[in-house]
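Engineer: I have a structure here, written as C-alpha cells, and I will follow up with some questions on it.
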Amino acid sequence: SKQLKRAGIKNQVGVFSNDHNPHLELVDRCNGEGIDTRVFECAGKWDYGTVSRIRSTVGNSKVQIIHSHGYKSNVYGYLASIRSPVKLVSTCHNWIAKDRKTRMYYLLDKMVLRRFDKVVAVSDGVLAEVRKCGVGAERSAIISNGIDVDAYSVDGHLRKEFGLSDDCTVIGTVARLTEEKGLDDLLLIARRVCSERENVRFLVVGEGPLRKQLIKMRDSLGLSGRVLFVGERKDMPLVYKTMDVFLLTSRNEGMPMVVLEAMAAGIPIVASKVGGIPNIISSGYSGLLAEAGSVEGFVGTLNQLLDSDESREAIAGQASAVVRDKFSSERMAKSYLDVYFSVTLKERETGN
C-alpha cells in the first residue's frame with residue numbers, strides 16, 4: 001500500500017474488527033504511514049451487515065478493484081461485489097487446514113476463488129493449489145512477497161533488554177506459536193546445540209496457542225536459561241539485529257515474510273526446505289536449507305554456520321543483495337500494478 005501510494009495509486013486498506021479478537025494493529029500501522037484505512041465491524045465468522053458495509057464503502061469510494069487476502073476476505077469481498085462492476089483480485093498465501101472447521105472454510109474459499117478476475121499465489125506450491133481449485137492459467141499468477149528493505153537497515157540491538165551478553169551467540173526465530181511452525185523441533189535442536197556449545201542462546205519471538213506447552217517442554221529439557229520466549233514485538237528491525245543466526249523450522253509455509261526480513265537485516269538463515277522458501281534461499285549462497293522435521297539435519301547445518309564467521313558474513317551479505325534485488329516492496333507493487341491494469345483492461349476491451 002505504501003508503494004502504491006508513492007506510485008500515485010489511490011488505495012484503501014480494509015480491516016475486520018471481530019468482537020472476540022479485534023487485532024487492529026494493522027490499522028495503527030496504516031495510520032502511522034498515512035494510508036487511508038477502513039475498519040469493518042464484524043460480529044462473528046459471518047455477518048451480512050459487514051458485507052453491506054463493504055459494498056457501501058466500495059460504491060461511495062468508487063473502488064474499481066477489491067484485493068483480498070485470506071478466505072474470510074475473499075468470501076466477503078466476493079459477496080460485496082455481486083451486481084457491481086468492481087473487479088476481484090486475491091492473494092493466496094497458504095492453506096493450512098488444522099481441523100474439520102478450517103477445511104470447510106478453505107473449501108468455500110476455493111469455490112469462491114473461481115469467480116475472481118485474478119488469483120495471485122506467493123509460491124509455486126500455492127499456485128499448484130490455486131490451479132487445482134479450478135482457476136485457469138489465464139486468471140492466475142505468481143508474485144513473490146516483498147518488504148520495505150530499508151526499514152531493516154538499523155543500528156542497535158536488544159541484547160541488554162533480553163538479558164543477553166554481548167559475547168554470546170544468539171540463534172533466533174520469529175513465528176506464531178502453532179504446530180506447523182515446528183517449534184518442538186526447534187527445542188530439540190536447541191538441546192543438542194546447547195549441549196555442545198556453552199555460549200549459545202535461543203530467542204523465540206511471537207505468540208500463539210502453544211506457548212504454555214512449549215515453555216513446559218523447554219523446562220523439561222533443561223533449557224530454561226538457554227531458550228527465551230519474548231512474545232510479540234513491535235520493534236522487529238532491532239529484534240533481528242539481536243540475532244547472529246535466524247532459524248526457521250516450519251513444516252509448512254507459503255512464502256514467509258520473516259525470512260525476507262531476516263535477509264534484509266543481514267542475518268544468515270537456516271530454514272526448512274518447504275513451500276516457497278527454496279524460491280527465496282539458494283542453499284549455500286543466500287542461506288542454508290534443511291529437511292523439515294530433521295533435528296539431525298538442522299543441527300549439522302547450524303554447526304556449519306556457527307563454526308565459520310566467514311561463512312556467516314558471506315551468506316548474510318549475499319542474502320541482503322538478493323532480497324533487495326528480487327523481494328523489495330517496490331518490485332512487488334509494480335507486479336501488482338500489472339495485475340490491476342490487466343483486469344481493468346478487460347473492461348476497456350469490451351467497451352464497458
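Ligands are numbered from 1 in the order shown, chains are lettered A, B, ... in the order of the C-alpha cells, and residues start at 1 in each chain.
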Fewer than 3 positions away in the same chain doesn't count, so skip those; otherwise give me all residues within 12 Å of Asp325 (chain A), counting only C-alpha atoms, as JSON, numbers by chain.

Structural biologist: {"A": [146, 147, 148, 149, 260, 263, 264, 280, 318, 319, 320, 321, 322, 328, 329, 330, 331, 332]}

Engineer: Once you have the residues from the selection above, write them out as a short mmCIF file (atom, residue, chain, number, x, y, z; two decimals), in the first residue's frame, restricted to all heavy atoms.

Structural biologist:
data_model
loop_
_atom_site.label_atom_id
_atom_site.label_comp_id
_atom_site.auth_asym_id
_atom_site.auth_seq_id
_atom_site.Cartn_x
_atom_site.Cartn_y
_atom_site.Cartn_z
N GLY A 146 7.08 -9.14 -0.88
CA GLY A 146 8.16 -8.16 -0.85
C GLY A 146 8.10 -7.35 0.44
O GLY A 146 7.06 -7.30 1.10
N ILE A 147 9.19 -6.74 0.81
CA ILE A 147 9.26 -5.95 2.04
C ILE A 147 9.96 -4.62 1.78
O ILE A 147 10.65 -4.45 0.78
CB ILE A 147 10.00 -6.69 3.17
CG1 ILE A 147 11.46 -6.95 2.77
CG2 ILE A 147 9.30 -8.00 3.51
CD1 ILE A 147 12.31 -7.41 3.92
N ASP A 148 9.76 -3.71 2.72
CA ASP A 148 10.47 -2.44 2.70
C ASP A 148 11.88 -2.69 3.24
O ASP A 148 12.11 -2.70 4.44
CB ASP A 148 9.73 -1.42 3.57
CG ASP A 148 10.36 -0.03 3.51
OD1 ASP A 148 11.45 0.10 2.91
OD2 ASP A 148 9.78 0.91 4.08
N VAL A 149 12.80 -2.96 2.34
CA VAL A 149 14.14 -3.41 2.71
C VAL A 149 14.84 -2.40 3.62
O VAL A 149 15.48 -2.77 4.62
CB VAL A 149 14.99 -3.68 1.45
CG1 VAL A 149 16.40 -4.09 1.83
CG2 VAL A 149 14.33 -4.75 0.60
N LEU A 260 12.36 -13.03 4.56
CA LEU A 260 12.77 -11.83 3.83
C LEU A 260 13.27 -10.76 4.78
O LEU A 260 14.26 -10.07 4.49
CB LEU A 260 11.59 -11.30 3.01
CG LEU A 260 10.98 -12.25 1.98
CD1 LEU A 260 9.81 -11.58 1.27
CD2 LEU A 260 12.03 -12.70 0.97
N MET A 263 16.74 -11.61 6.01
CA MET A 263 17.70 -11.37 4.94
C MET A 263 18.01 -9.88 4.81
O MET A 263 19.17 -9.48 4.67
CB MET A 263 17.16 -11.90 3.61
CG MET A 263 17.05 -13.43 3.55
SD MET A 263 16.14 -14.03 2.11
CE MET A 263 17.34 -13.73 0.79
N ALA A 264 16.95 -9.06 4.87
CA ALA A 264 17.14 -7.61 4.77
C ALA A 264 17.95 -7.07 5.94
O ALA A 264 18.70 -6.10 5.79
CB ALA A 264 15.79 -6.91 4.70
N ILE A 280 13.24 -18.53 -2.35
CA ILE A 280 13.89 -17.35 -1.79
C ILE A 280 15.38 -17.61 -1.55
O ILE A 280 16.24 -16.81 -1.90
CB ILE A 280 13.24 -16.95 -0.44
CG1 ILE A 280 11.74 -16.82 -0.56
CG2 ILE A 280 13.85 -15.65 0.09
CD1 ILE A 280 11.04 -16.60 0.78
N GLN A 318 25.24 -11.86 0.84
CA GLN A 318 24.58 -12.32 -0.38
C GLN A 318 23.06 -12.31 -0.22
O GLN A 318 22.33 -11.97 -1.16
CB GLN A 318 25.10 -13.72 -0.72
CG GLN A 318 26.51 -13.69 -1.30
CD GLN A 318 27.37 -14.89 -0.97
OE1 GLN A 318 28.58 -14.87 -1.20
NE2 GLN A 318 26.77 -15.95 -0.44
N ALA A 319 22.58 -12.64 0.96
CA ALA A 319 21.14 -12.61 1.22
C ALA A 319 20.59 -11.19 1.12
O ALA A 319 19.51 -10.96 0.57
CB ALA A 319 20.84 -13.21 2.58
N SER A 320 21.33 -10.24 1.67
CA SER A 320 20.89 -8.84 1.60
C SER A 320 20.76 -8.37 0.16
O SER A 320 19.80 -7.68 -0.19
CB SER A 320 21.89 -7.94 2.35
OG SER A 320 21.90 -8.25 3.73
N ALA A 321 21.72 -8.76 -0.68
CA ALA A 321 21.68 -8.36 -2.09
C ALA A 321 20.50 -9.01 -2.80
O ALA A 321 19.82 -8.36 -3.61
CB ALA A 321 22.99 -8.75 -2.77
N VAL A 322 20.22 -10.28 -2.49
CA VAL A 322 19.11 -10.99 -3.14
C VAL A 322 17.77 -10.36 -2.78
O VAL A 322 16.92 -10.12 -3.64
CB VAL A 322 19.12 -12.48 -2.74
CG1 VAL A 322 17.81 -13.16 -3.15
CG2 VAL A 322 20.30 -13.20 -3.39
N SER A 328 11.84 -6.77 -2.96
CA SER A 328 11.51 -5.48 -2.37
C SER A 328 10.03 -5.19 -2.53
O SER A 328 9.37 -5.70 -3.45
CB SER A 328 12.32 -4.37 -3.04
OG SER A 328 11.89 -4.18 -4.37
N SER A 329 9.49 -4.37 -1.64
CA SER A 329 8.08 -3.99 -1.76
C SER A 329 7.84 -3.17 -3.03
O SER A 329 6.75 -3.21 -3.61
CB SER A 329 7.64 -3.21 -0.53
OG SER A 329 8.47 -2.09 -0.30
N GLU A 330 8.85 -2.45 -3.48
CA GLU A 330 8.71 -1.67 -4.71
C GLU A 330 8.50 -2.59 -5.91
O GLU A 330 7.63 -2.37 -6.75
CB GLU A 330 9.94 -0.80 -4.93
CG GLU A 330 9.85 0.08 -6.17
CD GLU A 330 11.08 0.96 -6.34
OE1 GLU A 330 12.07 0.75 -5.61
OE2 GLU A 330 11.03 1.85 -7.21
N ARG A 331 9.31 -3.66 -5.97
CA ARG A 331 9.14 -4.62 -7.06
C ARG A 331 7.79 -5.32 -6.98
O ARG A 331 7.10 -5.52 -7.98
CB ARG A 331 10.28 -5.66 -7.01
CG ARG A 331 10.26 -6.61 -8.17
CD ARG A 331 10.25 -8.08 -7.79
NE ARG A 331 9.90 -8.41 -6.46
CZ ARG A 331 8.73 -8.97 -6.13
NH1 ARG A 331 7.81 -9.20 -7.03
NH2 ARG A 331 8.48 -9.29 -4.88
N MET A 332 7.38 -5.68 -5.76
CA MET A 332 6.09 -6.33 -5.58
C MET A 332 4.95 -5.43 -6.04
O MET A 332 4.03 -5.88 -6.73
CB MET A 332 5.90 -6.71 -4.11
CG MET A 332 4.56 -7.37 -3.80
SD MET A 332 4.40 -7.93 -2.09
CE MET A 332 4.50 -6.36 -1.22
#

Engineer: Please report as a tab-separated table every residue of region 161-277 of chain A lying within 12 Å of region 14-33 of chain A, along with the nearest atom pair and their distance in Å (one decimal), using only C-alpha atoms.

Structural biologist:
residue	atom	partner	partner_atom	distance
A:Glu232	CA	A:Glu25	CA	11.7
A:Arg233	CA	A:Glu25	CA	11.5
A:Lys234	CA	A:Glu25	CA	9.7

Engineer: For N, CA and C atoms, I'd like the residues from the last selection saved as a compact mmCIF listing (two decimals), in the first residue's frame.

Structural biologist:
# COMPACT_ATOMS: atom_id res chain seq x y z
N GLU A 232 5.33 -11.20 21.37
CA GLU A 232 5.29 -10.36 20.17
C GLU A 232 6.05 -9.06 20.41
N ARG A 233 6.64 -8.53 19.35
CA ARG A 233 7.39 -7.28 19.44
C ARG A 233 6.99 -6.36 18.29
N LYS A 234 7.03 -5.07 18.56
CA LYS A 234 6.75 -4.08 17.51
C LYS A 234 8.03 -3.47 16.94

Engineer: Extract the full set of strand (DSSP E or B) residues from region 59-222 of chain A according to DSSP on the backbone, and format it as a tab-separated table (two decimals) with C-alpha atoms, in the first residue's frame.

Structural biologist:
chain	number	residue	atom	x	y	z
A	65	ILE	CA	-10.73	-3.34	-7.61
A	66	ILE	CA	-11.17	-5.28	-4.38
A	67	HIS	CA	-7.90	-7.03	-3.48
A	68	SER	CA	-8.44	-9.58	-0.72
A	69	HIS	CA	-6.14	-11.79	1.38
A	87	LYS	CA	-13.05	-6.39	-10.23
A	88	LEU	CA	-11.77	-9.03	-7.81
A	89	VAL	CA	-8.11	-9.88	-7.12
A	90	SER	CA	-6.95	-12.24	-4.38
A	91	THR	CA	-3.55	-13.14	-3.00
A	92	CYS	CA	-3.28	-16.69	-1.69
A	118	LYS	CA	-7.15	-12.76	-10.95
A	119	VAL	CA	-5.72	-15.02	-8.25
A	120	VAL	CA	-2.12	-14.43	-7.22
A	121	ALA	CA	-0.06	-17.11	-5.47
A	140	SER	CA	-3.60	-16.88	-12.07
A	141	ALA	CA	-0.06	-15.66	-11.49
A	142	ILE	CA	2.85	-15.80	-9.07
A	147	ILE	CA	9.26	-5.95	2.04
A	169	THR	CA	25.80	-16.31	20.04
A	170	VAL	CA	22.07	-15.76	19.58
A	171	ILE	CA	20.03	-18.09	17.36
A	172	GLY	CA	16.58	-16.59	16.89
A	173	THR	CA	13.25	-17.32	15.29
A	174	VAL	CA	10.10	-15.28	14.65
A	200	VAL	CA	24.72	-20.08	22.69
A	201	ARG	CA	21.23	-18.76	23.46
A	202	PHE	CA	17.98	-19.23	21.55
A	203	LEU	CA	15.42	-16.44	21.15
A	204	VAL	CA	11.77	-17.18	20.25
A	205	VAL	CA	9.71	-14.16	19.18

Engineer: Would you list the contacts of region 294-297 of chain A as a PyMOL selection string, taking every protein, DNA or RNA residue within 7 Å and counting only C-alpha atoms, but skipping same-chain residues closer than 6 positions in sequence?

Structural biologist: chain A and resi 185+188-189

Engineer: Just N, CA and C atoms for this one: save the residues we selected as a CSV table (one decimal), in the first residue's frame.

Structural biologist:
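That gives us part.csv:
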chain,number,residue,atom,x,y,z
A,185,ASP,N,10.5,-29.1,17.4
A,185,ASP,CA,11.8,-29.5,16.8
A,185,ASP,C,12.8,-28.4,17.1
A,188,LEU,N,14.3,-29.3,20.5
A,188,LEU,CA,15.2,-30.4,20.4
A,188,LEU,C,16.5,-30.0,19.8
A,189,ILE,N,16.4,-29.2,18.8
A,189,ILE,CA,17.7,-28.7,18.1
A,189,ILE,C,18.5,-27.9,19.2
